[in-house]
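Enquirer: Provided below: work.txt, containing compact mmCIF, N, CA and C atoms.
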```
# COMPACT_ATOMS: atom_id res chain seq x y z
N MET A 1158 -27.42 -9.16 2.66
CA MET A 1158 -26.45 -8.69 1.68
C MET A 1158 -25.33 -9.72 1.60
N PRO A 1159 -24.97 -10.15 0.39
CA PRO A 1159 -23.87 -11.11 0.25
C PRO A 1159 -22.56 -10.52 0.76
N LYS A 1160 -21.68 -11.41 1.21
CA LYS A 1160 -20.42 -10.99 1.84
C LYS A 1160 -19.57 -10.14 0.89
N ASP A 1161 -19.50 -10.49 -0.40
CA ASP A 1161 -18.69 -9.71 -1.35
C ASP A 1161 -19.25 -8.31 -1.54
N GLN A 1162 -20.57 -8.18 -1.59
CA GLN A 1162 -21.18 -6.86 -1.74
C GLN A 1162 -20.95 -6.02 -0.49
N LEU A 1163 -21.02 -6.66 0.65
CA LEU A 1163 -20.76 -5.94 1.90
C LEU A 1163 -19.33 -5.42 1.93
N PHE A 1164 -18.36 -6.25 1.54
CA PHE A 1164 -16.97 -5.81 1.53
C PHE A 1164 -16.76 -4.67 0.54
N ALA A 1165 -17.38 -4.76 -0.64
CA ALA A 1165 -17.28 -3.68 -1.63
C ALA A 1165 -17.86 -2.39 -1.07
N ALA A 1166 -19.00 -2.48 -0.37
CA ALA A 1166 -19.60 -1.29 0.24
C ALA A 1166 -18.69 -0.71 1.32
N GLN A 1167 -18.03 -1.58 2.08
CA GLN A 1167 -17.11 -1.10 3.12
C GLN A 1167 -15.91 -0.39 2.50
N VAL A 1168 -15.37 -0.95 1.42
CA VAL A 1168 -14.22 -0.32 0.75
C VAL A 1168 -14.64 1.03 0.18
N GLY A 1169 -15.82 1.10 -0.42
CA GLY A 1169 -16.32 2.38 -0.94
C GLY A 1169 -16.48 3.41 0.16
N LEU A 1170 -17.04 3.00 1.30
CA LEU A 1170 -17.19 3.91 2.44
C LEU A 1170 -15.84 4.37 2.97
N LEU A 1171 -14.90 3.45 3.04
CA LEU A 1171 -13.54 3.79 3.48
C LEU A 1171 -12.94 4.87 2.59
N MET A 1172 -13.06 4.69 1.28
CA MET A 1172 -12.47 5.67 0.37
C MET A 1172 -13.18 7.01 0.45
N ARG A 1173 -14.50 7.01 0.60
CA ARG A 1173 -15.21 8.29 0.74
C ARG A 1173 -14.77 9.02 2.01
N ASN A 1174 -14.50 8.27 3.07
CA ASN A 1174 -14.06 8.89 4.33
C ASN A 1174 -12.63 9.40 4.27
N LEU A 1175 -11.77 8.75 3.50
CA LEU A 1175 -10.35 9.07 3.52
C LEU A 1175 -9.87 9.96 2.38
N ALA A 1176 -10.59 10.04 1.29
CA ALA A 1176 -10.08 10.68 0.07
C ALA A 1176 -9.55 12.09 0.30
N ALA A 1177 -10.33 12.96 0.87
CA ALA A 1177 -9.88 14.34 1.09
C ALA A 1177 -9.28 14.52 2.48
N GLY A 1178 -9.86 13.89 3.46
CA GLY A 1178 -9.41 14.07 4.84
C GLY A 1178 -7.98 13.64 5.07
N THR A 1179 -7.57 12.59 4.38
CA THR A 1179 -6.20 12.09 4.55
C THR A 1179 -5.19 13.15 4.14
N VAL A 1180 -5.38 13.73 2.99
CA VAL A 1180 -4.42 14.73 2.50
C VAL A 1180 -4.40 15.93 3.43
N LEU A 1181 -5.57 16.38 3.85
CA LEU A 1181 -5.63 17.57 4.71
C LEU A 1181 -4.99 17.32 6.08
N ALA A 1182 -5.26 16.18 6.68
CA ALA A 1182 -4.69 15.88 8.00
C ALA A 1182 -3.17 15.75 7.92
N HIS A 1183 -2.68 15.04 6.92
CA HIS A 1183 -1.23 14.88 6.78
C HIS A 1183 -0.57 16.21 6.41
N ALA A 1184 -1.24 17.02 5.60
CA ALA A 1184 -0.68 18.33 5.24
C ALA A 1184 -0.57 19.21 6.48
N ALA A 1185 -1.58 19.18 7.34
CA ALA A 1185 -1.51 19.95 8.58
C ALA A 1185 -0.37 19.45 9.45
N ALA A 1186 -0.21 18.14 9.53
CA ALA A 1186 0.89 17.57 10.31
C ALA A 1186 2.23 17.96 9.71
N ALA A 1187 2.31 18.00 8.38
CA ALA A 1187 3.55 18.39 7.72
C ALA A 1187 3.91 19.84 8.05
N VAL A 1188 2.93 20.71 8.14
CA VAL A 1188 3.19 22.11 8.51
C VAL A 1188 3.76 22.17 9.93
N VAL A 1189 3.18 21.40 10.83
CA VAL A 1189 3.68 21.35 12.21
C VAL A 1189 5.13 20.85 12.23
N VAL A 1190 5.40 19.81 11.45
CA VAL A 1190 6.75 19.24 11.39
C VAL A 1190 7.74 20.25 10.82
N ILE A 1191 7.33 21.00 9.80
CA ILE A 1191 8.21 22.03 9.23
C ILE A 1191 8.56 23.07 10.29
N MET A 1192 7.54 23.53 11.01
CA MET A 1192 7.80 24.54 12.04
C MET A 1192 8.70 23.98 13.15
N LEU A 1193 8.52 22.71 13.47
CA LEU A 1193 9.31 22.09 14.52
C LEU A 1193 10.77 21.86 14.10
N LEU A 1194 10.96 21.43 12.86
CA LEU A 1194 12.28 20.97 12.43
C LEU A 1194 13.09 21.98 11.62
N LEU A 1195 12.49 23.06 11.18
CA LEU A 1195 13.21 24.01 10.33
C LEU A 1195 14.50 24.51 10.95
N PRO A 1196 14.55 24.80 12.26
CA PRO A 1196 15.82 25.25 12.83
C PRO A 1196 16.86 24.14 12.97
N ILE A 1197 16.45 22.89 12.86
CA ILE A 1197 17.34 21.76 13.14
C ILE A 1197 17.82 21.05 11.88
N VAL A 1198 16.91 20.84 10.96
CA VAL A 1198 17.19 20.02 9.76
C VAL A 1198 17.47 20.94 8.57
N ASN A 1199 18.34 20.49 7.69
CA ASN A 1199 18.63 21.21 6.45
C ASN A 1199 17.31 21.50 5.74
N PRO A 1200 17.01 22.77 5.44
CA PRO A 1200 15.71 23.12 4.84
C PRO A 1200 15.43 22.41 3.51
N VAL A 1201 16.44 22.23 2.70
CA VAL A 1201 16.23 21.54 1.42
C VAL A 1201 15.82 20.09 1.66
N LEU A 1202 16.49 19.44 2.59
CA LEU A 1202 16.15 18.06 2.92
C LEU A 1202 14.75 17.97 3.53
N LEU A 1203 14.42 18.88 4.42
CA LEU A 1203 13.11 18.89 5.05
C LEU A 1203 12.00 19.11 4.03
N LEU A 1204 12.18 20.10 3.17
CA LEU A 1204 11.15 20.38 2.17
C LEU A 1204 11.07 19.27 1.12
N SER A 1205 12.16 18.60 0.85
CA SER A 1205 12.12 17.45 -0.06
C SER A 1205 11.31 16.32 0.54
N TRP A 1206 11.49 16.09 1.83
CA TRP A 1206 10.72 15.05 2.52
C TRP A 1206 9.23 15.40 2.52
N VAL A 1207 8.92 16.66 2.80
CA VAL A 1207 7.52 17.10 2.80
C VAL A 1207 6.92 16.96 1.39
N ALA A 1208 7.69 17.31 0.37
CA ALA A 1208 7.21 17.16 -1.01
C ALA A 1208 6.94 15.69 -1.33
N LEU A 1209 7.82 14.81 -0.90
CA LEU A 1209 7.61 13.37 -1.10
C LEU A 1209 6.34 12.91 -0.40
N LEU A 1210 6.17 13.32 0.85
CA LEU A 1210 4.98 12.95 1.61
C LEU A 1210 3.72 13.44 0.92
N LEU A 1211 3.71 14.70 0.53
CA LEU A 1211 2.52 15.25 -0.13
C LEU A 1211 2.29 14.61 -1.49
N GLY A 1212 3.35 14.25 -2.20
CA GLY A 1212 3.20 13.54 -3.46
C GLY A 1212 2.52 12.20 -3.28
N VAL A 1213 2.97 11.46 -2.27
CA VAL A 1213 2.34 10.16 -1.96
C VAL A 1213 0.88 10.36 -1.60
N LEU A 1214 0.59 11.38 -0.81
CA LEU A 1214 -0.79 11.63 -0.39
C LEU A 1214 -1.68 12.04 -1.55
N VAL A 1215 -1.16 12.85 -2.45
CA VAL A 1215 -1.94 13.25 -3.62
C VAL A 1215 -2.21 12.04 -4.50
N LEU A 1216 -1.22 11.18 -4.68
CA LEU A 1216 -1.45 9.95 -5.46
C LEU A 1216 -2.50 9.06 -4.81
N ARG A 1217 -2.44 8.92 -3.49
CA ARG A 1217 -3.44 8.11 -2.79
C ARG A 1217 -4.83 8.72 -2.96
N SER A 1218 -4.93 10.03 -2.80
CA SER A 1218 -6.22 10.70 -2.93
C SER A 1218 -6.76 10.56 -4.36
N TRP A 1219 -5.88 10.73 -5.34
CA TRP A 1219 -6.29 10.57 -6.74
C TRP A 1219 -6.80 9.14 -6.97
N HIS A 1220 -6.07 8.15 -6.45
CA HIS A 1220 -6.48 6.76 -6.62
C HIS A 1220 -7.87 6.53 -6.02
N MET A 1221 -8.11 7.08 -4.83
CA MET A 1221 -9.41 6.89 -4.19
C MET A 1221 -10.52 7.57 -4.98
N HIS A 1222 -10.29 8.80 -5.44
CA HIS A 1222 -11.29 9.50 -6.26
C HIS A 1222 -11.55 8.74 -7.56
N HIS A 1223 -10.49 8.28 -8.18
CA HIS A 1223 -10.64 7.53 -9.44
C HIS A 1223 -11.43 6.24 -9.20
N SER A 1224 -11.11 5.52 -8.14
CA SER A 1224 -11.81 4.27 -7.84
C SER A 1224 -13.28 4.52 -7.52
N LEU A 1225 -13.56 5.63 -6.85
CA LEU A 1225 -14.95 5.95 -6.55
C LEU A 1225 -15.72 6.34 -7.81
N GLN A 1226 -15.09 7.13 -8.67
CA GLN A 1226 -15.77 7.55 -9.89
C GLN A 1226 -15.99 6.39 -10.85
N SER A 1227 -14.99 5.56 -11.02
CA SER A 1227 -15.12 4.44 -11.95
C SER A 1227 -15.87 3.26 -11.33
N ARG A 1228 -16.05 3.31 -10.00
CA ARG A 1228 -16.75 2.26 -9.26
C ARG A 1228 -16.09 0.89 -9.42
N ASN A 1229 -14.78 0.89 -9.66
CA ASN A 1229 -14.08 -0.39 -9.81
C ASN A 1229 -13.96 -1.15 -8.50
N TYR A 1230 -14.18 -0.46 -7.38
CA TYR A 1230 -14.17 -1.16 -6.09
C TYR A 1230 -15.36 -2.12 -5.97
N GLU A 1231 -16.39 -1.92 -6.79
CA GLU A 1231 -17.53 -2.83 -6.77
C GLU A 1231 -17.21 -4.14 -7.49
N GLN A 1232 -16.40 -4.07 -8.56
CA GLN A 1232 -16.04 -5.27 -9.30
C GLN A 1232 -14.87 -6.01 -8.67
N GLU A 1233 -13.90 -5.27 -8.17
CA GLU A 1233 -12.69 -5.87 -7.60
C GLU A 1233 -12.36 -5.25 -6.24
N PRO A 1234 -13.21 -5.47 -5.24
CA PRO A 1234 -12.97 -4.82 -3.95
C PRO A 1234 -11.68 -5.28 -3.27
N ARG A 1235 -11.30 -6.52 -3.42
CA ARG A 1235 -10.07 -7.01 -2.78
C ARG A 1235 -8.84 -6.34 -3.39
N LYS A 1236 -8.84 -6.22 -4.72
CA LYS A 1236 -7.71 -5.57 -5.40
C LYS A 1236 -7.59 -4.11 -4.96
N VAL A 1237 -8.70 -3.42 -4.91
CA VAL A 1237 -8.68 -2.01 -4.50
C VAL A 1237 -8.24 -1.90 -3.05
N CYS A 1238 -8.70 -2.81 -2.20
CA CYS A 1238 -8.29 -2.79 -0.80
C CYS A 1238 -6.78 -2.99 -0.67
N TRP A 1239 -6.23 -3.91 -1.43
CA TRP A 1239 -4.77 -4.12 -1.38
C TRP A 1239 -4.02 -2.90 -1.88
N GLN A 1240 -4.57 -2.22 -2.89
CA GLN A 1240 -3.94 -0.99 -3.37
C GLN A 1240 -3.98 0.08 -2.28
N LEU A 1241 -5.09 0.15 -1.55
CA LEU A 1241 -5.18 1.11 -0.44
C LEU A 1241 -4.19 0.77 0.66
N ILE A 1242 -4.02 -0.51 0.93
CA ILE A 1242 -3.05 -0.94 1.95
C ILE A 1242 -1.63 -0.59 1.50
N ALA A 1243 -1.34 -0.77 0.22
CA ALA A 1243 -0.02 -0.39 -0.29
C ALA A 1243 0.20 1.12 -0.13
N GLY A 1244 -0.83 1.91 -0.40
CA GLY A 1244 -0.71 3.36 -0.27
C GLY A 1244 -0.48 3.80 1.16
N ILE A 1245 -1.21 3.22 2.10
CA ILE A 1245 -1.02 3.60 3.50
C ILE A 1245 0.33 3.13 4.00
N SER A 1246 0.80 2.00 3.48
CA SER A 1246 2.13 1.50 3.87
C SER A 1246 3.21 2.44 3.37
N LEU A 1247 3.07 2.93 2.15
CA LEU A 1247 4.05 3.87 1.60
C LEU A 1247 4.02 5.19 2.39
N THR A 1248 2.84 5.63 2.78
CA THR A 1248 2.73 6.84 3.59
C THR A 1248 3.42 6.63 4.94
N GLY A 1249 3.14 5.50 5.57
CA GLY A 1249 3.78 5.19 6.85
C GLY A 1249 5.28 5.10 6.73
N ALA A 1250 5.76 4.49 5.65
CA ALA A 1250 7.20 4.38 5.44
C ALA A 1250 7.84 5.76 5.28
N THR A 1251 7.13 6.69 4.66
CA THR A 1251 7.64 8.05 4.51
C THR A 1251 7.77 8.73 5.87
N TRP A 1252 6.75 8.57 6.72
CA TRP A 1252 6.82 9.14 8.07
C TRP A 1252 7.95 8.49 8.87
N VAL A 1253 8.08 7.17 8.76
CA VAL A 1253 9.12 6.46 9.51
C VAL A 1253 10.51 6.90 9.06
N ALA A 1254 10.70 7.04 7.75
CA ALA A 1254 12.00 7.48 7.24
C ALA A 1254 12.34 8.86 7.79
N GLY A 1255 11.34 9.75 7.81
CA GLY A 1255 11.57 11.08 8.38
C GLY A 1255 11.94 11.01 9.85
N TYR A 1256 11.24 10.17 10.59
CA TYR A 1256 11.53 10.05 12.02
C TYR A 1256 12.92 9.46 12.26
N ILE A 1257 13.28 8.45 11.50
CA ILE A 1257 14.60 7.83 11.68
C ILE A 1257 15.71 8.85 11.44
N TYR A 1258 15.54 9.68 10.41
CA TYR A 1258 16.55 10.71 10.17
C TYR A 1258 16.58 11.72 11.32
N VAL A 1259 15.40 12.18 11.73
CA VAL A 1259 15.33 13.18 12.80
C VAL A 1259 15.94 12.63 14.09
N ALA A 1260 15.76 11.34 14.33
CA ALA A 1260 16.33 10.73 15.54
C ALA A 1260 17.84 10.80 15.57
N THR A 1261 18.46 10.98 14.41
CA THR A 1261 19.92 11.06 14.37
C THR A 1261 20.45 12.48 14.51
N VAL A 1262 19.58 13.50 14.32
CA VAL A 1262 20.07 14.88 14.32
C VAL A 1262 19.40 15.80 15.33
N ALA A 1263 18.28 15.40 15.88
CA ALA A 1263 17.51 16.30 16.74
C ALA A 1263 17.64 15.91 18.21
N PRO A 1264 17.46 16.88 19.10
CA PRO A 1264 17.44 16.56 20.53
C PRO A 1264 16.23 15.66 20.87
N VAL A 1265 16.31 15.01 21.99
CA VAL A 1265 15.29 14.05 22.39
C VAL A 1265 13.91 14.69 22.50
N ASN A 1266 13.82 15.89 23.05
CA ASN A 1266 12.51 16.51 23.19
C ASN A 1266 11.85 16.78 21.83
N VAL A 1267 12.61 17.14 20.83
CA VAL A 1267 12.08 17.35 19.48
C VAL A 1267 11.66 16.00 18.88
N GLN A 1268 12.44 14.97 19.14
CA GLN A 1268 12.07 13.63 18.67
C GLN A 1268 10.72 13.21 19.24
N TYR A 1269 10.50 13.48 20.52
CA TYR A 1269 9.23 13.11 21.16
C TYR A 1269 8.05 13.88 20.56
N ILE A 1270 8.26 15.14 20.27
CA ILE A 1270 7.18 15.93 19.66
C ILE A 1270 6.87 15.40 18.26
N PHE A 1271 7.92 15.09 17.51
CA PHE A 1271 7.72 14.54 16.17
C PHE A 1271 6.99 13.21 16.25
N LEU A 1272 7.38 12.38 17.19
CA LEU A 1272 6.72 11.09 17.40
C LEU A 1272 5.26 11.29 17.78
N LEU A 1273 4.98 12.29 18.59
CA LEU A 1273 3.60 12.59 18.96
C LEU A 1273 2.77 12.97 17.74
N VAL A 1274 3.33 13.76 16.84
CA VAL A 1274 2.63 14.13 15.61
C VAL A 1274 2.31 12.87 14.80
N ILE A 1275 3.27 11.96 14.69
CA ILE A 1275 3.05 10.73 13.94
C ILE A 1275 1.94 9.89 14.59
N VAL A 1276 1.97 9.78 15.89
CA VAL A 1276 0.95 9.00 16.60
C VAL A 1276 -0.43 9.63 16.43
N LEU A 1277 -0.52 10.95 16.48
CA LEU A 1277 -1.80 11.62 16.28
C LEU A 1277 -2.35 11.39 14.88
N ILE A 1278 -1.48 11.45 13.88
CA ILE A 1278 -1.92 11.19 12.51
C ILE A 1278 -2.40 9.75 12.37
N ALA A 1279 -1.67 8.82 12.96
CA ALA A 1279 -2.07 7.40 12.91
C ALA A 1279 -3.42 7.20 13.59
N ALA A 1280 -3.62 7.86 14.73
CA ALA A 1280 -4.89 7.73 15.45
C ALA A 1280 -6.06 8.30 14.64
N LEU A 1281 -5.84 9.44 14.00
CA LEU A 1281 -6.89 10.03 13.17
C LEU A 1281 -7.22 9.11 11.99
N ALA A 1282 -6.19 8.58 11.35
CA ALA A 1282 -6.43 7.69 10.21
C ALA A 1282 -7.12 6.40 10.65
N MET A 1283 -6.77 5.91 11.82
CA MET A 1283 -7.37 4.67 12.30
C MET A 1283 -8.86 4.86 12.57
N GLY A 1284 -9.24 6.00 13.07
CA GLY A 1284 -10.65 6.25 13.35
C GLY A 1284 -11.51 6.16 12.11
N ALA A 1285 -11.01 6.66 10.99
CA ALA A 1285 -11.77 6.60 9.74
C ALA A 1285 -11.64 5.26 9.04
N SER A 1286 -10.69 4.44 9.46
CA SER A 1286 -10.39 3.20 8.75
C SER A 1286 -11.04 1.96 9.36
N VAL A 1287 -11.70 2.10 10.47
CA VAL A 1287 -12.23 0.91 11.15
C VAL A 1287 -13.36 0.23 10.39
N VAL A 1288 -13.83 0.85 9.34
CA VAL A 1288 -14.91 0.26 8.54
C VAL A 1288 -14.46 -1.06 7.93
N VAL A 1289 -13.20 -1.13 7.49
CA VAL A 1289 -12.67 -2.33 6.86
C VAL A 1289 -11.62 -2.91 7.79
N ARG A 1290 -11.93 -4.04 8.40
CA ARG A 1290 -11.04 -4.64 9.38
C ARG A 1290 -9.64 -4.91 8.79
N GLU A 1291 -9.58 -5.39 7.57
CA GLU A 1291 -8.29 -5.72 6.96
C GLU A 1291 -7.43 -4.48 6.76
N TYR A 1292 -8.02 -3.33 6.56
CA TYR A 1292 -7.28 -2.10 6.32
C TYR A 1292 -6.65 -1.65 7.61
```
Can the structure from this file be put into structure tokens for me?

Expert:
Amino acid sequence: MPKDQLFAAQVGLLMRNLAAGTVLAHAAAAVVVIMLLLPIVNPVLLLSWVALLLGVLVLRSWHMHHSLQSRNYEQEPRKVCWQLIAGISLTGATWVAGYIYVATVAPVNVQYIFLLVIVLIAALAMGASVVVREY
């Protein structure tokens, strides 16, 4: 199999693995974070952050479904891969922004639990992402 076709197949497999699972795993983590932080963080701010996170995740999932249906990852696998990298970076930035804020208002034990949730989400995402080394 030529190298370009192999990379396109890897990108397609990556998107099939992540399209629905990503949203569900992050949504479950967001529920845990809400339960953890509701007594500490302003509810409007917390729910706004969760809405932003879920919005980013829905956009990422839509992009993956669209790319799979249109099969544009076969014609431009590098472009689609970079778009996926941009999406995961935006998701990570959303989690980091939440953690940075929580680090300023929450006790240390709550910060550690929140950090554990982030690490667990990263580990779950990494397991499904090893198909494409660049991702």

Enquirer: Could you please determine the separation between atom CA of Pro1234 of chain A and atom C of Phe1164 of chain A in Å, to one decimal place?

Expert: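 These atoms are spaced 5.9 Å apart.
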
Enquirer: Atom C of Trp1206 of chain A and atom CA of Ser1246 of chain A are how many Å apart?

Expert: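 Between atom C of Trp1206 of chain A and atom CA of Ser1246 of chain A the gap is 15.7 Å.
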
Enquirer: Suppose you want the space between atom C of Val1276 of chain A and atom N of Pro1264 of chain A; what is it in Å?

Expert: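 These atoms are spaced 19.5 Å apart.
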
Enquirer: Nearest residue to Ala1176 of chain A out of A:Ala1282, A:Leu1209, A:Leu1277, A:Leu1203, using only C-alpha atoms?

Expert: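 Of A:Ala1282, A:Leu1209, A:Leu1277, A:Leu1203, the one nearest Ala1176 of chain A, counting only C-alpha atoms, is A:Ala1282.
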
Enquirer: Show which residues sit within 8 Å of segment 1166-1170 of chain A, as a list in words. Count only N, CA and C atoms, and ignore same-chain residues fewer than 2 positions away.

Expert: Lys1160, Asp1161, Gln1162, Leu1163, Phe1164, Met1172, Arg1173, Asn1174, Leu1175, Ala1176, Ser1224, Leu1225, Tyr1230, Glu1231, Pro1234, Val1237, Cys1238, Ala1285, Val1288, Val1289 and Arg1290 of chain A

Enquirer: Excluding same-chain residues fewer than 3 positions from Val1267 of chain A, what lies within 8 Å of it counting only C-alpha atoms, as a PyMOL selection string?

Expert: chain A and resi 1193-1194+1263-1264+1270-1271

Enquirer: Residues within 8 Å of His1183 of chain A, please, as a compact mmCIF listing (two decimals) with N, CA and C atoms, in the coordinates of the input. Count only N, CA and C atoms; anything in the same chain fewer than 6 positions from it doesn't count.

Expert:
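Writing done, so here's selection-v5.txt:
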```txt
# COMPACT_ATOMS: atom_id res chain seq x y z
N ALA A 1177 -10.33 12.96 0.87
CA ALA A 1177 -9.88 14.34 1.09
C ALA A 1177 -9.28 14.52 2.48
N VAL A 1189 3.18 21.40 10.83
CA VAL A 1189 3.68 21.35 12.21
C VAL A 1189 5.13 20.85 12.23
N LEU A 1210 6.17 13.32 0.85
CA LEU A 1210 4.98 12.95 1.61
C LEU A 1210 3.72 13.44 0.92
N LEU A 1211 3.71 14.70 0.53
CA LEU A 1211 2.52 15.25 -0.13
C LEU A 1211 2.29 14.61 -1.49
N LEU A 1214 0.59 11.38 -0.81
CA LEU A 1214 -0.79 11.63 -0.39
C LEU A 1214 -1.68 12.04 -1.55
N ILE A 1278 -1.48 11.45 13.88
CA ILE A 1278 -1.92 11.19 12.51
C ILE A 1278 -2.40 9.75 12.37
```

Enquirer: Considering all atoms listed in the file, can you say which of A:Met1283, A:Ala1187, A:Arg1217, A:Leu1171 comes closest to Ile1245 of chain A?

Expert: A:Arg1217
